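Asks: Got a structure for you, written out below as C-alpha cells; questions coming shortly.
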Amino acid sequence: NNVNCFFRDVNVTWRGVASAPDWALAVRRPIAVNRCQGFRHLHGLKPSIEIEDSSLTEIVQNGLSPLVPIYERWSAETVRKQVEEVIL
C-alpha cells in the first residue's frame, strides 16, 4: 500500500485520541488523517497529512517526512532516556 488513511466524523466530540494511526506508524508508510479531533495529536505536522490541506497524491509524495518528528520523539533511545531520568 502507498498510504494508510484514517477519516472519522469531524462532528463527533472526542475526549481522548484515536490510537489506530499510532499503530500504523510502525509500518513506516505515509499516513493521511482528517480534522477529526481524535487525530489532533497528528494535526499540525509539516507538510500536512490532513486531507483537508493536501491531496492523497501529495501526502504519498511527501513520504515519511511529516512523521520524522514523531519517530524521533518516540524512538527507543528517547524513551529510554526519559525513563532513566525518572528513575535515576
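Letters A, B, ... go to the chains of the C-alpha cells in the order shown; residues in each chain start at 1; ligands are counted from 1 in the same order.
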Leaving out Trp14 of chain A and any residue of its chain fewer than 3 positions from it, which residues lie within 10 Å of it when counting only C-alpha atoms, given as a VMD selection string?

Replies: chain A and resid 10 to 11 17 to 18 36 to 40

Asks: Near Ser65 of chain A, within 12 Å and counting only C-alpha atoms, which residues show up once chain neighbours fewer than 3 positions away are dropped, as a PyMOL selection string?

Replies: chain A and resi 28-31+45-49+58-62+68-72

Asks: Would you mind exporting the chosen residues as a short mmCIF file (atom, residue, chain, number, x, y, z; two decimals), in the first residue's frame, restricted to all heavy atoms?

Replies:
```
data_model
loop_
_atom_site.label_atom_id
_atom_site.label_comp_id
_atom_site.auth_asym_id
_atom_site.auth_seq_id
_atom_site.Cartn_x
_atom_site.Cartn_y
_atom_site.Cartn_z
N ARG A 28 5.71 2.31 8.79
CA ARG A 28 6.51 3.31 8.07
C ARG A 28 6.02 3.53 6.64
O ARG A 28 6.76 3.38 5.67
CB ARG A 28 7.98 2.97 8.13
CG ARG A 28 8.48 3.06 9.56
CD ARG A 28 9.97 3.19 9.64
NE ARG A 28 10.35 3.35 11.03
CZ ARG A 28 10.87 4.45 11.54
NH1 ARG A 28 11.07 5.49 10.78
NH2 ARG A 28 11.20 4.52 12.80
N ARG A 29 4.75 3.87 6.55
CA ARG A 29 4.12 4.30 5.31
C ARG A 29 3.50 5.67 5.58
O ARG A 29 3.16 5.98 6.72
CB ARG A 29 3.01 3.34 4.87
CG ARG A 29 3.45 1.95 4.54
CD ARG A 29 3.93 1.88 3.09
NE ARG A 29 4.13 0.52 2.64
CZ ARG A 29 5.25 -0.17 2.82
NH1 ARG A 29 6.25 0.36 3.47
NH2 ARG A 29 5.37 -1.39 2.35
N PRO A 30 3.30 6.48 4.56
CA PRO A 30 2.61 7.75 4.77
C PRO A 30 1.23 7.53 5.39
O PRO A 30 0.60 6.48 5.18
CB PRO A 30 2.49 8.32 3.36
CG PRO A 30 3.62 7.71 2.61
CD PRO A 30 3.75 6.32 3.17
N ILE A 31 0.80 8.51 6.16
CA ILE A 31 -0.49 8.45 6.83
C ILE A 31 -1.28 9.70 6.45
O ILE A 31 -0.72 10.80 6.42
CB ILE A 31 -0.31 8.40 8.37
CG1 ILE A 31 0.35 7.09 8.77
CG2 ILE A 31 -1.64 8.58 9.08
CD1 ILE A 31 0.70 7.01 10.24
N LEU A 45 1.36 18.77 11.54
CA LEU A 45 2.62 18.29 11.01
C LEU A 45 2.93 19.03 9.71
O LEU A 45 2.04 19.47 9.00
CB LEU A 45 2.57 16.78 10.76
CG LEU A 45 2.34 15.91 12.00
CD1 LEU A 45 2.18 14.46 11.61
CD2 LEU A 45 3.48 16.07 12.99
N LYS A 46 4.22 19.15 9.40
CA LYS A 46 4.64 19.84 8.19
C LYS A 46 5.50 18.93 7.34
O LYS A 46 6.48 18.39 7.85
CB LYS A 46 5.44 21.10 8.54
CG LYS A 46 4.69 22.09 9.39
CD LYS A 46 3.55 22.70 8.63
CE LYS A 46 2.82 23.69 9.53
NZ LYS A 46 1.48 23.92 9.20
N PRO A 47 5.19 18.73 6.08
CA PRO A 47 3.97 19.14 5.42
C PRO A 47 2.76 18.40 6.00
O PRO A 47 2.89 17.33 6.57
CB PRO A 47 4.20 18.79 3.96
CG PRO A 47 5.38 17.88 3.92
CD PRO A 47 6.12 18.03 5.20
N SER A 48 1.62 18.99 5.82
CA SER A 48 0.39 18.48 6.43
C SER A 48 0.03 17.09 5.90
O SER A 48 0.18 16.80 4.72
CB SER A 48 -0.77 19.44 6.14
OG SER A 48 -1.97 18.95 6.69
N ILE A 49 -0.48 16.26 6.81
CA ILE A 49 -1.03 14.96 6.42
C ILE A 49 -2.56 14.99 6.50
O ILE A 49 -3.19 13.96 6.37
CB ILE A 49 -0.46 13.81 7.29
CG1 ILE A 49 -0.85 13.96 8.75
CG2 ILE A 49 1.06 13.72 7.13
CD1 ILE A 49 -0.53 12.74 9.61
N GLU A 58 -0.27 14.17 -2.88
CA GLU A 58 0.74 14.98 -2.20
C GLU A 58 1.24 14.29 -0.94
O GLU A 58 2.44 14.30 -0.64
CB GLU A 58 0.18 16.35 -1.86
CG GLU A 58 -0.07 17.23 -3.05
CD GLU A 58 -0.86 18.48 -2.72
OE1 GLU A 58 -1.74 18.45 -1.82
OE2 GLU A 58 -0.57 19.51 -3.35
N ILE A 59 0.33 13.70 -0.18
CA ILE A 59 0.70 13.02 1.06
C ILE A 59 1.64 11.85 0.75
O ILE A 59 2.66 11.66 1.42
CB ILE A 59 -0.55 12.58 1.84
CG1 ILE A 59 -1.28 13.82 2.37
CG2 ILE A 59 -0.19 11.62 2.98
CD1 ILE A 59 -2.66 13.55 2.95
N VAL A 60 1.32 11.10 -0.30
CA VAL A 60 2.20 9.99 -0.70
C VAL A 60 3.55 10.53 -1.15
O VAL A 60 4.60 10.01 -0.78
CB VAL A 60 1.54 9.14 -1.81
CG1 VAL A 60 2.53 8.15 -2.41
CG2 VAL A 60 0.32 8.41 -1.26
N GLN A 61 3.56 11.59 -1.95
CA GLN A 61 4.81 12.17 -2.44
C GLN A 61 5.67 12.72 -1.31
O GLN A 61 6.90 12.65 -1.38
CB GLN A 61 4.53 13.27 -3.47
CG GLN A 61 4.01 12.74 -4.78
CD GLN A 61 3.59 13.84 -5.74
OE1 GLN A 61 3.40 14.99 -5.36
NE2 GLN A 61 3.41 13.47 -7.00
N ASN A 62 5.05 13.24 -0.26
CA ASN A 62 5.80 13.75 0.90
C ASN A 62 6.42 12.63 1.71
O ASN A 62 7.32 12.87 2.52
CB ASN A 62 4.91 14.63 1.78
CG ASN A 62 4.54 15.92 1.10
OD1 ASN A 62 5.27 16.43 0.26
ND2 ASN A 62 3.39 16.45 1.46
N VAL A 68 8.67 12.23 10.67
CA VAL A 68 10.00 12.13 11.29
C VAL A 68 10.01 12.66 12.73
O VAL A 68 10.56 12.00 13.62
CB VAL A 68 11.07 12.82 10.41
CG1 VAL A 68 12.38 12.99 11.16
CG2 VAL A 68 11.27 12.02 9.13
N PRO A 69 9.41 13.83 13.03
CA PRO A 69 9.41 14.29 14.42
C PRO A 69 8.74 13.31 15.39
O PRO A 69 9.18 13.17 16.53
CB PRO A 69 8.65 15.62 14.37
CG PRO A 69 8.75 16.07 12.96
CD PRO A 69 8.80 14.82 12.13
N ILE A 70 7.73 12.63 14.92
CA ILE A 70 7.06 11.64 15.78
C ILE A 70 7.97 10.45 16.00
O ILE A 70 8.12 9.96 17.14
CB ILE A 70 5.72 11.20 15.16
CG1 ILE A 70 4.75 12.38 15.13
CG2 ILE A 70 5.11 10.02 15.92
CD1 ILE A 70 3.49 12.14 14.36
N TYR A 71 8.60 9.96 14.94
CA TYR A 71 9.54 8.84 15.09
C TYR A 71 10.68 9.20 16.04
O TYR A 71 11.09 8.39 16.87
CB TYR A 71 10.12 8.43 13.74
CG TYR A 71 9.12 7.74 12.83
CD1 TYR A 71 8.93 8.17 11.52
CD2 TYR A 71 8.36 6.67 13.27
CE1 TYR A 71 8.03 7.55 10.68
CE2 TYR A 71 7.44 6.04 12.44
CZ TYR A 71 7.29 6.48 11.15
OH TYR A 71 6.38 5.86 10.32
N GLU A 72 11.18 10.42 15.95
CA GLU A 72 12.26 10.84 16.83
C GLU A 72 11.79 10.98 18.28
O GLU A 72 12.49 10.57 19.21
CB GLU A 72 12.85 12.16 16.34
CG GLU A 72 13.62 12.02 15.04
CD GLU A 72 14.05 13.34 14.44
OE1 GLU A 72 13.63 14.42 14.93
OE2 GLU A 72 14.82 13.30 13.46
#
```

Asks: Hey, can you check how far atom CA of Leu42 of chain A sits from atom CA of Ser54 of chain A?

Replies: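 Computing it gives 13.9 Å between the two atoms.
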
Asks: Got a sec to tell me which of chain A DSSP assigns to strand (DSSP E), as a list of chain:residue names?

Replies: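 Filtering chain A down to strand (DSSP E) leaves A:Asn4, A:Cys5, A:Phe6, A:Ile31, A:Ala32, A:Val33.
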
Asks: Could you take the residues named above and write them with C-alpha atoms, as a CSV table (one decimal), in the first residue's frame?

Replies:
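Ended up saving to part.csv:
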```csv
chain,number,residue,atom,x,y,z
A,4,ASN,CA,-2.9,4.5,5.3
A,5,CYS,CA,-5.9,6.7,5.6
A,6,PHE,CA,-7.9,7.5,8.8
A,31,ILE,CA,-0.5,8.5,6.8
A,32,ALA,CA,-3.5,10.6,5.9
A,33,VAL,CA,-6.0,11.9,8.5
```

Asks: Kindly indicate which residue among A:Asp22, A:Gly63, A:Trp74, A:Arg35 lies nearest to Asp9 of chain A, using only C-alpha atoms for the distances.

Replies: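 Among A:Asp22, A:Gly63, A:Trp74, A:Arg35, it is A:Arg35 that comes nearest to Asp9 of chain A.
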
Asks: Taking the backbone alone, and naming residues the way the document does, which bits of chain A are helix (DSSP H, G or I) by DSSP, as an MDAnalysis selection string?

Replies: chainID A and resid 20:27 37:42 56:62 65:73 76:87

Asks: Work out how far atom CA of Ser19 of chain A is from atom CA of Thr57 of chain A, in Å to one decimal.

Replies: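 Interatomic distance, atom CA of Thr57 of chain A to atom CA of Ser19 of chain A: 24.0 Å.
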
Asks: What does the structure give for the distance between atom CA of Leu25 of chain A and atom CA of Phe7 of chain A, in Å to one decimal?

Replies: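 Atom CA of Leu25 of chain A sits 15.7 Å away from atom CA of Phe7 of chain A.
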